[in-house]
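Raw run_3.txt, compact mmCIF, C-alpha atoms:
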# COMPACT_ATOMS: atom_id res chain seq x y z
CA MET A 150 80.53 115.61 136.01
CA GLU A 151 80.41 112.73 138.47
CA ALA A 152 76.60 112.96 138.57
CA TRP A 153 76.45 112.80 134.76
CA LEU A 154 78.71 109.78 134.75
CA GLU A 155 76.59 108.13 137.44
CA SER A 156 73.39 108.67 135.47
CA LEU A 157 75.04 107.34 132.32
CA ARG A 158 76.20 104.22 134.14
CA SER A 159 72.62 103.44 135.05
CA ALA A 160 71.45 104.05 131.46
CA GLY A 161 71.04 101.35 128.80
CA THR A 162 73.82 100.49 126.36
CA LEU A 163 72.56 103.01 123.79
CA GLY A 164 72.51 105.72 126.45
CA LYS A 165 76.06 104.84 127.44
CA ALA A 166 77.13 104.95 123.79
CA ALA A 167 75.51 108.38 123.45
CA GLY A 168 77.37 109.50 126.57
CA LEU A 169 80.61 108.15 125.13
CA ALA A 170 79.96 110.06 121.91
CA VAL A 171 79.25 113.36 123.69
CA PHE A 172 82.08 113.13 126.22
CA GLY A 173 84.45 111.64 123.65
CA MET A 174 83.94 114.33 121.00
CA ALA A 175 84.05 117.04 123.66
CA GLY A 176 87.26 115.56 125.03
CA VAL A 177 88.89 115.45 121.59
CA PHE A 178 87.94 119.07 120.86
CA ILE A 179 89.10 120.31 124.27
CA THR A 180 92.41 118.46 124.05
CA LEU A 181 93.12 119.71 120.55
CA PHE A 182 92.12 123.22 121.62
CA LEU A 183 94.77 122.94 124.33
CA PHE A 184 97.28 121.90 121.65
CA TYR A 185 96.18 124.95 119.61
CA LEU A 186 96.87 127.20 122.59
CA LEU A 187 100.18 125.44 123.08
CA ILE A 188 101.26 126.14 119.49
CA ALA A 189 100.22 129.81 119.85
CA PHE A 190 102.10 130.08 123.16
CA LEU A 191 105.26 128.44 121.83
CA GLU A 192 105.22 130.63 118.74
CA ARG A 193 105.05 133.75 120.90
CA LEU A 194 107.74 132.39 123.17
CA SER A 195 110.07 131.69 120.28
CA LYS A 196 109.63 135.24 118.89
CA LYS A 197 110.76 136.84 122.14
CA MET B 205 96.38 55.49 108.12
CA SER B 206 94.07 58.43 108.88
CA GLU B 207 96.93 60.17 110.64
CA ILE B 208 98.98 60.16 107.43
CA PHE B 209 96.17 61.98 105.63
CA ALA B 210 95.33 64.26 108.57
CA GLY B 211 96.25 67.26 106.43
CA PHE B 212 93.41 66.46 104.04
CA THR B 213 90.82 65.39 106.57
CA ALA B 214 91.30 68.21 109.10
CA VAL B 215 89.98 70.99 106.88
CA GLY B 216 86.48 71.86 105.77
CA TYR B 217 84.86 74.34 103.41
CA ARG B 218 85.28 77.15 105.96
CA GLU B 219 89.05 76.87 105.76
CA PHE B 220 88.86 77.03 101.97
CA ILE B 221 86.82 80.22 102.24
CA MET B 222 89.60 81.64 104.42
CA TYR B 223 92.23 80.69 101.82
CA ALA B 224 90.13 82.71 99.36
CA VAL B 225 89.95 85.63 101.83
CA GLY B 226 93.73 85.48 102.31
CA GLY B 227 94.18 85.25 98.55
CA LEU B 228 91.90 88.27 98.06
CA LEU B 229 93.95 90.36 100.50
CA ILE B 230 97.18 89.35 98.75
CA TRP B 231 95.58 90.19 95.37
CA LEU B 232 94.51 93.63 96.65
CA ALA B 233 98.06 94.19 97.90
CA VAL B 234 99.84 93.02 94.74
CA LYS B 235 97.46 93.99 91.96
CA LYS B 236 95.78 97.08 93.40
CA GLU B 237 98.62 98.13 95.73
CA TYR B 238 96.14 98.74 98.57
CA GLU B 239 98.30 99.03 101.73
CA PRO B 240 100.54 96.20 100.43
CA MET B 241 102.86 96.31 103.44
CA LEU B 242 99.98 95.28 105.69
CA LEU B 243 97.46 93.47 103.50
CA LEU B 244 99.99 91.05 102.02
CA PRO B 245 101.31 89.78 105.39
CA ILE B 246 97.75 89.72 106.79
CA GLY B 247 96.56 87.68 103.81
CA PHE B 248 99.41 85.21 104.07
CA GLY B 249 98.94 85.00 107.85
CA ALA B 250 95.27 84.17 107.27
CA ILE B 251 96.25 81.30 104.97
CA LEU B 252 98.92 80.04 107.38
CA THR B 253 96.61 79.97 110.34
CA ASN B 254 93.91 78.02 108.51
CA LEU B 255 96.17 75.29 107.14
CA PRO B 256 95.41 71.84 108.56
CA LEU B 257 96.12 71.47 112.27
CA SER B 258 97.45 75.08 112.41
CA PHE B 259 101.01 74.21 113.34
CA ALA B 260 102.08 77.80 112.63
CA VAL B 261 99.77 78.87 115.46
CA GLY B 262 100.14 75.79 117.66
CA THR B 263 98.49 75.36 121.02
CA PRO B 264 98.95 77.19 124.33
CA ALA B 265 101.05 74.24 125.50
CA GLU B 266 103.07 74.04 122.29
CA PRO B 267 102.88 77.48 120.70
CA GLY B 268 103.80 77.99 117.06
CA PHE B 269 105.67 81.10 115.93
CA LEU B 270 102.45 83.02 115.16
CA ARG B 271 101.10 82.48 118.68
CA ILE B 272 104.45 83.55 120.14
CA LEU B 273 104.35 86.72 118.04
CA LEU B 274 100.73 87.36 119.03
CA ASP B 275 101.47 86.95 122.73
CA ALA B 276 104.66 88.97 122.62
CA GLY B 277 103.67 91.71 120.20
CA ILE B 278 99.91 92.23 120.28
CA MET B 279 98.79 91.06 123.71
CA THR B 280 101.56 93.12 125.31
CA GLU B 281 100.62 96.05 122.97
CA LEU B 282 104.28 96.26 121.98
CA PHE B 283 103.86 96.22 118.17
CA PRO B 284 101.39 99.14 117.98
CA ILE B 285 103.58 101.14 120.35
CA LEU B 286 106.70 100.51 118.25
CA ILE B 287 104.75 101.50 115.13
CA PHE B 288 103.76 104.75 116.86
CA ILE B 289 107.43 105.56 117.50
CA ALA B 290 108.13 104.97 113.82
CA VAL B 291 105.13 107.04 112.71
CA GLY B 292 106.10 109.84 115.08
CA ALA B 293 109.54 109.94 113.47
CA MET B 294 107.86 110.33 110.07
CA ILE B 295 105.50 113.18 111.00
CA ASP B 296 106.40 116.76 110.20
CA PHE B 297 104.10 119.04 112.20
CA GLY B 298 105.45 122.06 110.28
CA PRO B 299 102.36 122.55 108.06
CA LEU B 300 100.18 122.49 111.18
CA PHE B 301 102.36 125.02 113.00
CA LYS B 302 102.07 127.35 110.00
CA ASN B 303 98.28 127.13 110.10
CA PRO B 304 97.22 126.07 113.63
CA LEU B 305 93.51 126.56 112.88
CA MET B 306 93.69 123.29 110.94
CA ILE B 307 93.98 121.41 114.22
CA PHE B 308 90.22 121.62 114.75
CA PHE B 309 89.56 119.59 111.62
CA GLY B 310 91.60 116.84 113.25
CA ALA B 311 88.96 116.86 115.98
CA ALA B 312 85.83 117.19 113.81
CA ALA B 313 86.81 114.31 111.56
CA GLN B 314 86.77 111.91 114.51
CA LEU B 315 82.97 112.06 114.36
CA GLY B 316 82.96 108.74 112.53
CA ILE B 317 84.34 106.96 115.58
CA PHE B 318 81.52 107.98 117.86
CA ALA B 319 78.75 107.77 115.25
CA THR B 320 79.86 104.22 114.52
CA VAL B 321 79.87 103.33 118.23
CA LEU B 322 76.20 104.36 118.35
CA LEU B 323 75.47 102.35 115.22
CA ALA B 324 77.25 99.27 116.55
CA VAL B 325 75.32 99.42 119.82
CA ALA B 326 72.06 99.81 117.87
CA LEU B 327 73.01 96.65 115.96
CA GLY B 328 73.41 94.71 119.19
CA PHE B 329 77.11 94.91 120.06
CA ASP B 330 78.03 95.61 123.68
CA LEU B 331 79.69 98.93 124.53
CA LYS B 332 83.27 97.61 124.55
CA ALA B 333 82.94 95.83 121.22
CA ALA B 334 81.15 98.86 119.76
CA ALA B 335 84.00 101.13 120.92
CA ALA B 336 86.56 98.82 119.30
CA ILE B 337 84.56 98.81 116.05
CA GLY B 338 84.04 102.57 116.15
CA ILE B 339 87.77 103.18 116.41
CA ILE B 340 88.12 101.97 112.81
CA GLY B 341 86.99 105.54 112.14
CA ALA B 342 90.28 106.76 113.59
CA ALA B 343 91.68 105.74 110.18
CA ASP B 344 94.75 104.69 112.10
CA GLY B 345 95.79 101.03 112.09
CA PRO B 346 97.88 100.90 115.29
CA THR B 347 95.21 102.76 117.30
CA SER B 348 92.56 100.34 116.01
CA ILE B 349 94.70 97.36 117.00
CA TYR B 350 95.51 98.87 120.40
CA VAL B 351 91.87 99.56 121.28
CA ALA B 352 90.59 96.28 119.80
CA LYS B 353 93.10 94.34 121.89
CA ARG B 354 91.81 96.08 125.02
CA PHE B 355 88.08 95.85 124.36
CA ALA B 356 87.28 93.18 121.77
CA VAL B 357 90.21 90.92 121.02
CA GLN B 358 87.79 88.46 119.36
CA TYR B 359 87.25 91.02 116.57
CA LEU B 360 90.91 91.96 116.16
CA GLY B 361 91.16 90.37 112.69
CA PRO B 362 88.15 92.02 111.01
CA ILE B 363 88.79 95.38 112.73
CA SER B 364 92.40 95.45 111.53
CA VAL B 365 91.49 94.36 108.02
CA ALA B 366 88.75 97.01 107.85
CA ALA B 367 91.02 99.77 109.21
CA TYR B 368 93.86 99.10 106.78
CA SER B 369 91.65 98.34 103.78
CA TYR B 370 89.57 101.50 104.08
CA MET B 371 92.66 103.63 104.69
CA SER B 372 93.88 102.54 101.30
CA LEU B 373 90.43 103.18 99.82
CA VAL B 374 90.33 106.83 100.94
CA PRO B 375 90.66 108.02 97.28
CA ILE B 376 87.47 106.10 96.50
CA ILE B 377 85.50 106.73 99.72
CA GLN B 378 86.03 110.46 100.29
CA PRO B 379 85.33 112.19 96.93
CA PRO B 380 81.65 111.18 96.59
CA VAL B 381 80.91 112.17 100.20
CA ILE B 382 82.63 115.54 99.70
CA ARG B 383 80.79 116.17 96.41
CA LEU B 384 77.50 115.37 98.10
CA LEU B 385 78.08 117.93 100.86
CA THR B 386 79.70 120.80 98.94
CA THR B 387 78.96 122.98 95.94
CA LYS B 388 81.31 123.40 93.00
CA ASN B 389 82.09 126.94 94.13
CA GLU B 390 83.01 125.73 97.61
CA ARG B 391 85.33 123.09 96.20
CA ALA B 392 87.01 125.65 93.96
CA MET B 393 87.61 128.03 96.86
CA ARG B 394 91.19 129.25 97.08
CA MET B 395 93.09 129.67 100.32
CA GLU B 396 95.95 131.98 101.07
CA TYR B 397 99.15 130.33 102.27
CA ARG B 398 102.02 132.17 103.85
CA GLU B 399 105.36 130.39 103.94
CA ALA B 400 107.09 131.08 107.24
CA PRO B 401 109.93 129.29 109.02
CA VAL B 402 108.97 127.25 112.06
CA PRO B 403 111.18 127.99 115.11
CA ARG B 404 113.20 124.97 116.22
CA VAL B 405 112.23 125.48 119.84
CA LEU B 406 108.57 125.05 118.86
CA LYS B 407 109.31 121.79 117.05
CA ILE B 408 111.21 120.41 120.05
CA LEU B 409 108.93 121.56 122.86
CA PHE B 410 105.70 120.58 121.08
CA PRO B 411 106.07 116.77 121.39
CA ILE B 412 107.17 117.04 125.00
CA LEU B 413 104.34 119.32 126.09
CA VAL B 414 101.69 117.48 124.05
CA THR B 415 102.65 114.28 125.88
CA MET B 416 102.37 116.05 129.22
CA ILE B 417 98.98 117.61 128.39
CA SER B 418 97.66 114.23 127.24
CA GLY B 419 98.95 112.70 130.45
CA PHE B 420 96.89 115.16 132.48
CA VAL B 421 93.74 115.03 130.32
CA ALA B 422 93.61 111.26 129.72
CA PRO B 423 96.43 109.40 131.50
CA ILE B 424 95.52 106.13 129.81
CA SER B 425 96.39 107.68 126.43
CA VAL B 426 100.03 108.24 127.39
CA PRO B 427 101.40 105.03 125.82
CA LEU B 428 99.83 106.04 122.48
CA VAL B 429 100.63 109.75 122.56
CA GLY B 430 103.95 109.33 124.34
CA SER B 431 105.36 106.82 121.85
CA LEU B 432 104.22 108.92 118.87
CA MET B 433 105.74 112.05 120.37
CA PHE B 434 108.93 110.23 121.37
CA GLY B 435 109.43 109.33 117.72
CA ASN B 436 108.70 112.93 116.74
CA LEU B 437 111.14 114.31 119.31
CA ILE B 438 113.88 112.07 117.93
CA ARG B 439 113.13 113.52 114.50
CA GLU B 440 112.94 117.15 115.51
CA SER B 441 115.81 117.19 117.99
CA GLY B 442 118.17 117.46 115.04
CA VAL B 443 120.88 115.54 116.87
CA LEU B 444 119.59 111.99 116.41
CA GLU B 445 119.44 111.74 112.65
CA ARG B 446 120.53 108.09 112.58
CA LEU B 447 117.98 107.09 115.21
CA SER B 448 115.32 109.03 113.36
CA GLN B 449 116.15 107.27 110.09
CA THR B 450 116.23 103.90 111.88
CA ALA B 451 112.79 104.53 113.37
CA GLN B 452 111.38 105.66 110.01
CA ASN B 453 112.84 102.75 108.08
CA GLU B 454 114.19 99.64 109.78
CA LEU B 455 111.91 99.81 112.84
CA ALA B 456 108.81 100.68 110.80
CA TYR B 457 109.39 97.95 108.20
CA LEU B 458 110.35 95.23 110.65
CA VAL B 459 107.43 95.79 113.02
CA THR B 460 104.97 96.24 110.14
CA LEU B 461 106.11 92.92 108.72
CA LEU B 462 105.58 91.11 112.01
CA LEU B 463 102.38 93.02 112.84
CA GLY B 464 100.72 92.06 109.56
CA ILE B 465 101.37 88.34 109.70
CA THR B 466 100.43 88.27 113.39
CA ILE B 467 97.09 89.99 112.72
CA GLY B 468 96.53 87.45 109.95
CA SER B 469 97.01 84.69 112.49
CA THR B 470 93.89 85.86 114.36
CA MET B 471 91.79 85.17 111.27
CA SER B 472 90.98 81.54 111.87
CA ALA B 473 87.84 80.36 110.09
CA GLY B 474 85.99 80.01 113.37
CA ALA B 475 86.82 83.56 114.47
CA PHE B 476 86.43 85.29 111.10
CA LEU B 477 83.53 83.63 109.30
CA ARG B 478 80.75 85.15 111.33
CA ARG B 479 77.89 87.53 110.71
CA GLU B 480 79.70 90.04 112.92
CA THR B 481 82.63 90.22 110.49
CA LEU B 482 80.38 91.47 107.69
CA LEU B 483 78.78 93.96 110.06
CA ILE B 484 82.20 95.21 111.18
CA LEU B 485 83.39 95.64 107.58
CA GLY B 486 80.18 97.54 106.74
CA MET B 487 80.36 99.75 109.82
CA GLY B 488 84.06 100.45 109.20
CA LEU B 489 83.17 101.83 105.79
CA LEU B 490 80.45 104.00 107.31
CA ALA B 491 82.93 105.24 109.94
CA PHE B 492 85.10 106.67 107.15
CA VAL B 493 82.01 108.23 105.52
CA PHE B 494 80.97 109.84 108.84
CA ASP B 495 84.54 111.08 109.40
CA THR B 496 84.58 112.78 106.04
CA ALA B 497 81.13 114.29 106.56
CA GLY B 498 82.05 115.49 110.05
CA GLY B 499 85.15 117.30 108.80
CA VAL B 500 83.44 118.90 105.79
CA LEU B 501 80.37 120.04 107.73
CA PHE B 502 82.55 121.47 110.50
CA ALA B 503 84.52 123.46 107.93
CA LYS B 504 81.25 124.82 106.54
CA LEU B 505 80.15 125.71 110.06
CA ILE B 506 83.27 127.67 110.97
CA ASN B 507 83.13 129.44 107.59
CA LEU B 508 79.95 131.10 108.88
CA PHE B 509 82.06 132.89 111.49
CA LEU B 510 85.31 133.53 109.60
CA PRO B 511 85.98 136.77 107.69
CA ARG B 512 85.83 136.45 103.91
CA GLU B 513 89.61 136.40 103.39
CA ARG B 514 90.13 133.63 105.97
CA LYS B 515 87.38 131.24 104.88
CA VAL B 516 88.52 127.67 104.35
CA ASN B 517 87.80 125.38 101.46
CA PRO B 518 85.37 122.90 103.09
CA MET B 519 87.18 119.98 101.49
CA ILE B 520 90.03 120.66 103.91
CA GLY B 521 87.77 119.36 106.68
CA ALA B 522 87.85 115.90 105.13
CA CYS B 523 91.63 115.82 105.62
CA GLY B 524 91.11 115.72 109.37
CA ILE B 525 91.29 111.94 109.24
CA SER B 526 94.51 110.18 110.07
CA ALA B 527 95.12 108.59 106.65
CA PHE B 528 98.29 110.51 105.85
CA PRO B 529 99.16 111.76 103.27
CA MET B 530 96.53 110.04 101.16
CA SER B 531 93.66 112.29 102.22
CA ALA B 532 95.60 115.52 101.59
CA ARG B 533 96.56 114.29 98.12
CA VAL B 534 92.95 113.41 97.30
CA ILE B 535 91.71 116.85 98.35
CA GLN B 536 94.46 118.65 96.41
CA ARG B 537 93.56 116.65 93.30
CA MET B 538 89.88 117.52 93.71
CA ALA B 539 90.71 121.22 94.15
CA GLN B 540 92.75 121.11 90.93
CA GLU B 541 89.91 119.40 89.10
CA GLU B 542 87.48 122.13 90.13
CA GLU B 543 89.83 124.98 89.27
CA ARG B 544 93.22 124.68 87.62
CA GLY B 545 96.04 126.15 89.67
CA ASN B 546 94.13 125.94 92.95
CA ILE B 547 96.79 124.87 95.46
CA ILE B 548 95.53 123.96 98.93
CA LEU B 549 97.99 121.14 99.58
CA MET B 550 99.80 122.69 102.53
CA GLN B 551 96.56 123.47 104.39
CA ALA B 552 95.36 119.96 103.56
CA VAL B 553 98.58 118.46 104.93
CA GLY B 554 98.19 120.57 108.08
CA ALA B 555 94.68 119.20 108.64
CA ASN B 556 95.90 115.69 107.83
CA VAL B 557 98.67 115.92 110.42
CA ALA B 558 96.11 117.25 112.90
CA GLY B 559 94.07 114.15 112.08
CA GLN B 560 96.95 111.99 113.25
CA LEU B 561 96.91 113.84 116.55
CA GLY B 562 93.11 113.74 116.70
CA SER B 563 92.94 110.01 116.11
CA ILE B 564 95.24 109.08 118.99
CA VAL B 565 93.52 111.59 121.27
CA ALA B 566 90.17 110.05 120.31
CA GLY B 567 91.64 106.60 120.94
CA GLY B 568 92.74 107.83 124.37
CA MET B 569 89.27 109.21 125.10
CA VAL B 570 87.67 105.90 124.20
CA LEU B 571 90.18 104.01 126.35
CA ALA B 572 89.49 106.35 129.28
CA LEU B 573 85.71 106.62 129.02
CA VAL B 574 84.57 103.10 128.16
CA PRO B 575 85.76 101.50 131.43
CA LEU B 576 84.08 104.36 133.36
CA LEU B 577 80.75 103.87 131.56
CA ALA B 578 80.82 100.08 131.40
CA ARG B 579 81.29 99.65 135.14

For the file at hand, write its structure as structure tokens.
Amino acid sequence: MEAWLESLRSAGTLGKAAGLAVFGMAGVFITLFLFYLLIAFLERLSKK
Amino acid sequence: MSEIFAGFTAVGYREFIMYAVGGLLIWLAVKKEYEPMLLLPIGFGAILTNLPLSFAVGTPAEPGFLRILLDAGIMTELFPILIFIAVGAMIDFGPLFKNPLMIFFGAAAQLGIFATVLLAVALGFDLKAAAAIGIIGAADGPTSIYVAKRFAVQYLGPISVAAYSYMSLVPIIQPPVIRLLTTKNERAMRMEYREAPVPRVLKILFPILVTMISGFVAPISVPLVGSLMFGNLIRESGVLERLSQTAQNELAYLVTLLLGITIGSTMSAGAFLRRETLLILGMGLLAFVFDTAGGVLFAKLINLFLPRERKVNPMIGACGISAFPMSARVIQRMAQEEERGNIILMQAVGANVAGQLGSIVAGGMVLALVPLLAR
């Protein structure tokens, strides 16, 4: 992760923007997946 | 003698263009009812700030009321945060809890943000400015203002105008993009909906735990997520009805009023009448197009893996933007047009609510990643 970030920092602006797009979209999906798991967990919890 | 007529001699044609821009925004608000609560104050603020000698704005040494509002409400990020509390108090996550799969459309429809960042960089903007422009694709005014203030305060006016204008133009922007990417059969697809009560404990714990997860994933996003979820917790707690109503009404209206006229005050002729403004308005429109395409194409993608009875109408993907409830209404209307009696409103609302979550998470990602990359 750190190595990727380091290589992106040394890239041009377009490369940095591409890195932002990849990491950004991945981050949004991962975070919302965590929210999805949270909803599933809370639903189960509330049924017990 | 010249001092007596300073009001006439201190303006040029650029200021008159800005009066026309302000007038146009007021016309859109009054005649077309496009986001009138924002566009009308922004339009009037734009006129105020371009009047001769700009006494409403003043100077740093002798600030006028608009500069005081700008310093106190925008530069401190207070107004967007207060708006988030109000919005949080208005959101009902119930439709999302009943169909949690919809949450992924709230992620896919953020594609416009990042596609627009790439476009902006290709057009010559630096990474920070490009990120601020891209966030128009969040279809979320306060997030746009928050990020623009951090990364490109010089473009605050055009970014805000683009964000709010295109949010109100969702009924015009989304349908042609959806029709281009879907077949008639796909648009007519029905979806099963099961009505089930949402446990209160889920409604109460969700805002608290979402804030905590966001704090761990992207700590910088906590002001955005935390204020939204604070408003939602007030709503869902069930014991703060008056506070909830105050947040949804008095707080929302008062801050919106001040936010609009303050944003308008950033639209001085010198700051607004630039080539970049036209580029930002154009890219903002494309951001909404990319958002819609991202959501629809993602829905088509997951349909490849879902069993027949659980397939989703691909139009639902387009509701993953934050423009609530406009996008859900548009998609329901389109579904009805394709096949009478086709009701997909609740799924659409679920995706739309997920879009509100997705947009602030995306805003948080941008806030976290840009400083790391721009070092």

Select, from A:Val177, A:Leu194, A:Leu187, A:Gly161, the residue with the minimum atom-to-atom distance to B:Gly310, counting all atoms listed in the file.
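For B:Gly310, the nearest of the given residues is A:Val177.
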
Could you list, as number ranges by chain, the residues of chain A having an atom within 6 Å of chain B when counting all atoms listed in the file?
A: 158, 166, 170, 173, 177-178, 191

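The interatomic distance for the pair atom CA of B:Ile547 and atom CA of B:Met395 works out to 7.8 Å.
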
Tell me which protein, DNA and RNA residues are within 8 Å of B:Ile377, counting all atoms listed in the file, leaving out same-chain ones fewer than 6 positions away, and put them as a PyMOL selection string.
chain B and resi 370+492-493

Please determine, counting all atoms listed in the file, which residue among B:Leu485, B:Gly216, B:Phe434, B:Ile506 has the shortest atom-to-atom distance to B:Ser364.
B:Leu485

Of the listed residues B:Ala473, B:Ser441, B:Ala336, B:Arg514, that which approaches B:Val357 most closely, counting all atoms listed in the file:
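Counting all atoms listed in the file, the residue closest to B:Val357 is B:Ala336.
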
What's the separation between atom CA of B:Trp231 and atom CA of B:Pro380, in Å to one decimal place?
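Interatomic distance here is 25.2 Å.
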
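Between atom CA of B:Leu549 and atom CA of B:Ile520 lies a distance of 9.1 Å.
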
Surrounding residues of stretch 248-256 of chain B excluding itself and chain neighbours under 2 positions, 9 Å, only C-alpha atoms, as a PDB file with C-alpha atoms, in the coordinates of the input:
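This is the output file part_30.pdb:
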ATOM      1  CA  ALA B 210      95.330  64.260 108.570  1.00  0.00           C
ATOM      2  CA  GLY B 211      96.250  67.260 106.430  1.00  0.00           C
ATOM      3  CA  PHE B 212      93.410  66.460 104.040  1.00  0.00           C
ATOM      4  CA  THR B 213      90.820  65.390 106.570  1.00  0.00           C
ATOM      5  CA  ALA B 214      91.300  68.210 109.100  1.00  0.00           C
ATOM      6  CA  VAL B 215      89.980  70.990 106.880  1.00  0.00           C
ATOM      7  CA  GLU B 219      89.050  76.870 105.760  1.00  0.00           C
ATOM      8  CA  PHE B 220      88.860  77.030 101.970  1.00  0.00           C
ATOM      9  CA  MET B 222      89.600  81.640 104.420  1.00  0.00           C
ATOM     10  CA  TYR B 223      92.230  80.690 101.820  1.00  0.00           C
ATOM     11  CA  ALA B 224      90.130  82.710  99.360  1.00  0.00           C
ATOM     12  CA  VAL B 225      89.950  85.630 101.830  1.00  0.00           C
ATOM     13  CA  GLY B 226      93.730  85.480 102.310  1.00  0.00           C
ATOM     14  CA  GLY B 227      94.180  85.250  98.550  1.00  0.00           C
ATOM     15  CA  LEU B 229      93.950  90.360 100.500  1.00  0.00           C
ATOM     16  CA  ILE B 230      97.180  89.350  98.750  1.00  0.00           C
ATOM     17  CA  LEU B 243      97.460  93.470 103.500  1.00  0.00           C
ATOM     18  CA  LEU B 244      99.990  91.050 102.020  1.00  0.00           C
ATOM     19  CA  PRO B 245     101.310  89.780 105.390  1.00  0.00           C
ATOM     20  CA  ILE B 246      97.750  89.720 106.790  1.00  0.00           C
ATOM     21  CA  SER B 258      97.450  75.080 112.410  1.00  0.00           C
ATOM     22  CA  PHE B 259     101.010  74.210 113.340  1.00  0.00           C
ATOM     23  CA  ALA B 260     102.080  77.800 112.630  1.00  0.00           C
ATOM     24  CA  VAL B 261      99.770  78.870 115.460  1.00  0.00           C
ATOM     25  CA  LEU B 270     102.450  83.020 115.160  1.00  0.00           C
ATOM     26  CA  GLY B 464     100.720  92.060 109.560  1.00  0.00           C
ATOM     27  CA  ILE B 465     101.370  88.340 109.700  1.00  0.00           C
ATOM     28  CA  THR B 466     100.430  88.270 113.390  1.00  0.00           C
ATOM     29  CA  ILE B 467      97.090  89.990 112.720  1.00  0.00           C
ATOM     30  CA  GLY B 468      96.530  87.450 109.950  1.00  0.00           C
ATOM     31  CA  SER B 469      97.010  84.690 112.490  1.00  0.00           C
ATOM     32  CA  THR B 470      93.890  85.860 114.360  1.00  0.00           C
ATOM     33  CA  MET B 471      91.790  85.170 111.270  1.00  0.00           C
ATOM     34  CA  SER B 472      90.980  81.540 111.870  1.00  0.00           C
ATOM     35  CA  ALA B 473      87.840  80.360 110.090  1.00  0.00           C
TER      36      ALA B 473
END

Using only C-alpha atoms, which of B:Val429, B:Ala522, B:Ala456, B:Ala392 sits nearest B:Ala539?
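Answer, going by the shortest atom-to-atom distance: B:Ala392.
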
For B:Tyr350, which of B:Ile376, B:Ala366, B:Leu228, B:Met279 is the closest residue, counting only C-alpha atoms?
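Result for the nearest residue to B:Tyr350: B:Met279.
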
For a quick check of understanding, using all atoms listed in the file, which of B:Pro575, B:Glu390, B:Arg537, B:Pro401 has the smallest distance to A:Lys196?
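The closest residue to A:Lys196 is B:Pro401.
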
Neighbour list for A:Trp153 as number ranges by chain, cut-off 12 Å, all atoms listed in the file, skip fewer than 2 positions in-chain
A: 150-151, 155-160, 164-165, 168-169, 171-172; B: 576-577

Keeping C-alpha atoms for every residue in the selection just given, could you write it to a file as a PDB file, in the coordinates of the input?
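File selection02.pdb, as written:
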ATOM      1  CA  MET A 150      80.530 115.610 136.010  1.00  0.00           C
ATOM      2  CA  GLU A 151      80.410 112.730 138.470  1.00  0.00           C
ATOM      3  CA  GLU A 155      76.590 108.130 137.440  1.00  0.00           C
ATOM      4  CA  SER A 156      73.390 108.670 135.470  1.00  0.00           C
ATOM      5  CA  LEU A 157      75.040 107.340 132.320  1.00  0.00           C
ATOM      6  CA  ARG A 158      76.200 104.220 134.140  1.00  0.00           C
ATOM      7  CA  SER A 159      72.620 103.440 135.050  1.00  0.00           C
ATOM      8  CA  ALA A 160      71.450 104.050 131.460  1.00  0.00           C
ATOM      9  CA  GLY A 164      72.510 105.720 126.450  1.00  0.00           C
ATOM     10  CA  LYS A 165      76.060 104.840 127.440  1.00  0.00           C
ATOM     11  CA  GLY A 168      77.370 109.500 126.570  1.00  0.00           C
ATOM     12  CA  LEU A 169      80.610 108.150 125.130  1.00  0.00           C
ATOM     13  CA  VAL A 171      79.250 113.360 123.690  1.00  0.00           C
ATOM     14  CA  PHE A 172      82.080 113.130 126.220  1.00  0.00           C
TER      15      PHE A 172
ATOM     16  CA  LEU B 576      84.080 104.360 133.360  1.00  0.00           C
ATOM     17  CA  LEU B 577      80.750 103.870 131.560  1.00  0.00           C
TER      18      LEU B 577
END

Atoms are missing here; could stretch 383-390 of chain B be completed with N, CA and C atoms and written as a compact mmCIF listing (two decimals), keeping the file's coordinate frame?
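Resulting contents of out_15.txt:
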# COMPACT_ATOMS: atom_id res chain seq x y z
N ARG B 383 81.61 115.57 97.49
CA ARG B 383 80.79 116.17 96.41
C ARG B 383 79.34 116.30 96.85
N LEU B 384 78.89 115.35 97.63
CA LEU B 384 77.50 115.37 98.10
C LEU B 384 77.24 116.55 99.05
N LEU B 385 78.27 116.93 99.80
CA LEU B 385 78.08 117.93 100.86
C LEU B 385 78.57 119.33 100.49
N THR B 386 79.17 119.47 99.31
CA THR B 386 79.70 120.80 98.94
C THR B 386 79.24 121.19 97.54
N THR B 387 79.27 122.50 97.28
CA THR B 387 78.96 122.98 95.94
C THR B 387 80.26 123.10 95.15
N LYS B 388 80.12 123.25 93.85
CA LYS B 388 81.31 123.40 93.00
C LYS B 388 82.12 124.64 93.40
N ASN B 389 81.40 125.71 93.71
CA ASN B 389 82.09 126.94 94.13
C ASN B 389 82.88 126.73 95.41
N GLU B 390 82.30 125.99 96.34
CA GLU B 390 83.01 125.73 97.61
C GLU B 390 84.27 124.92 97.35
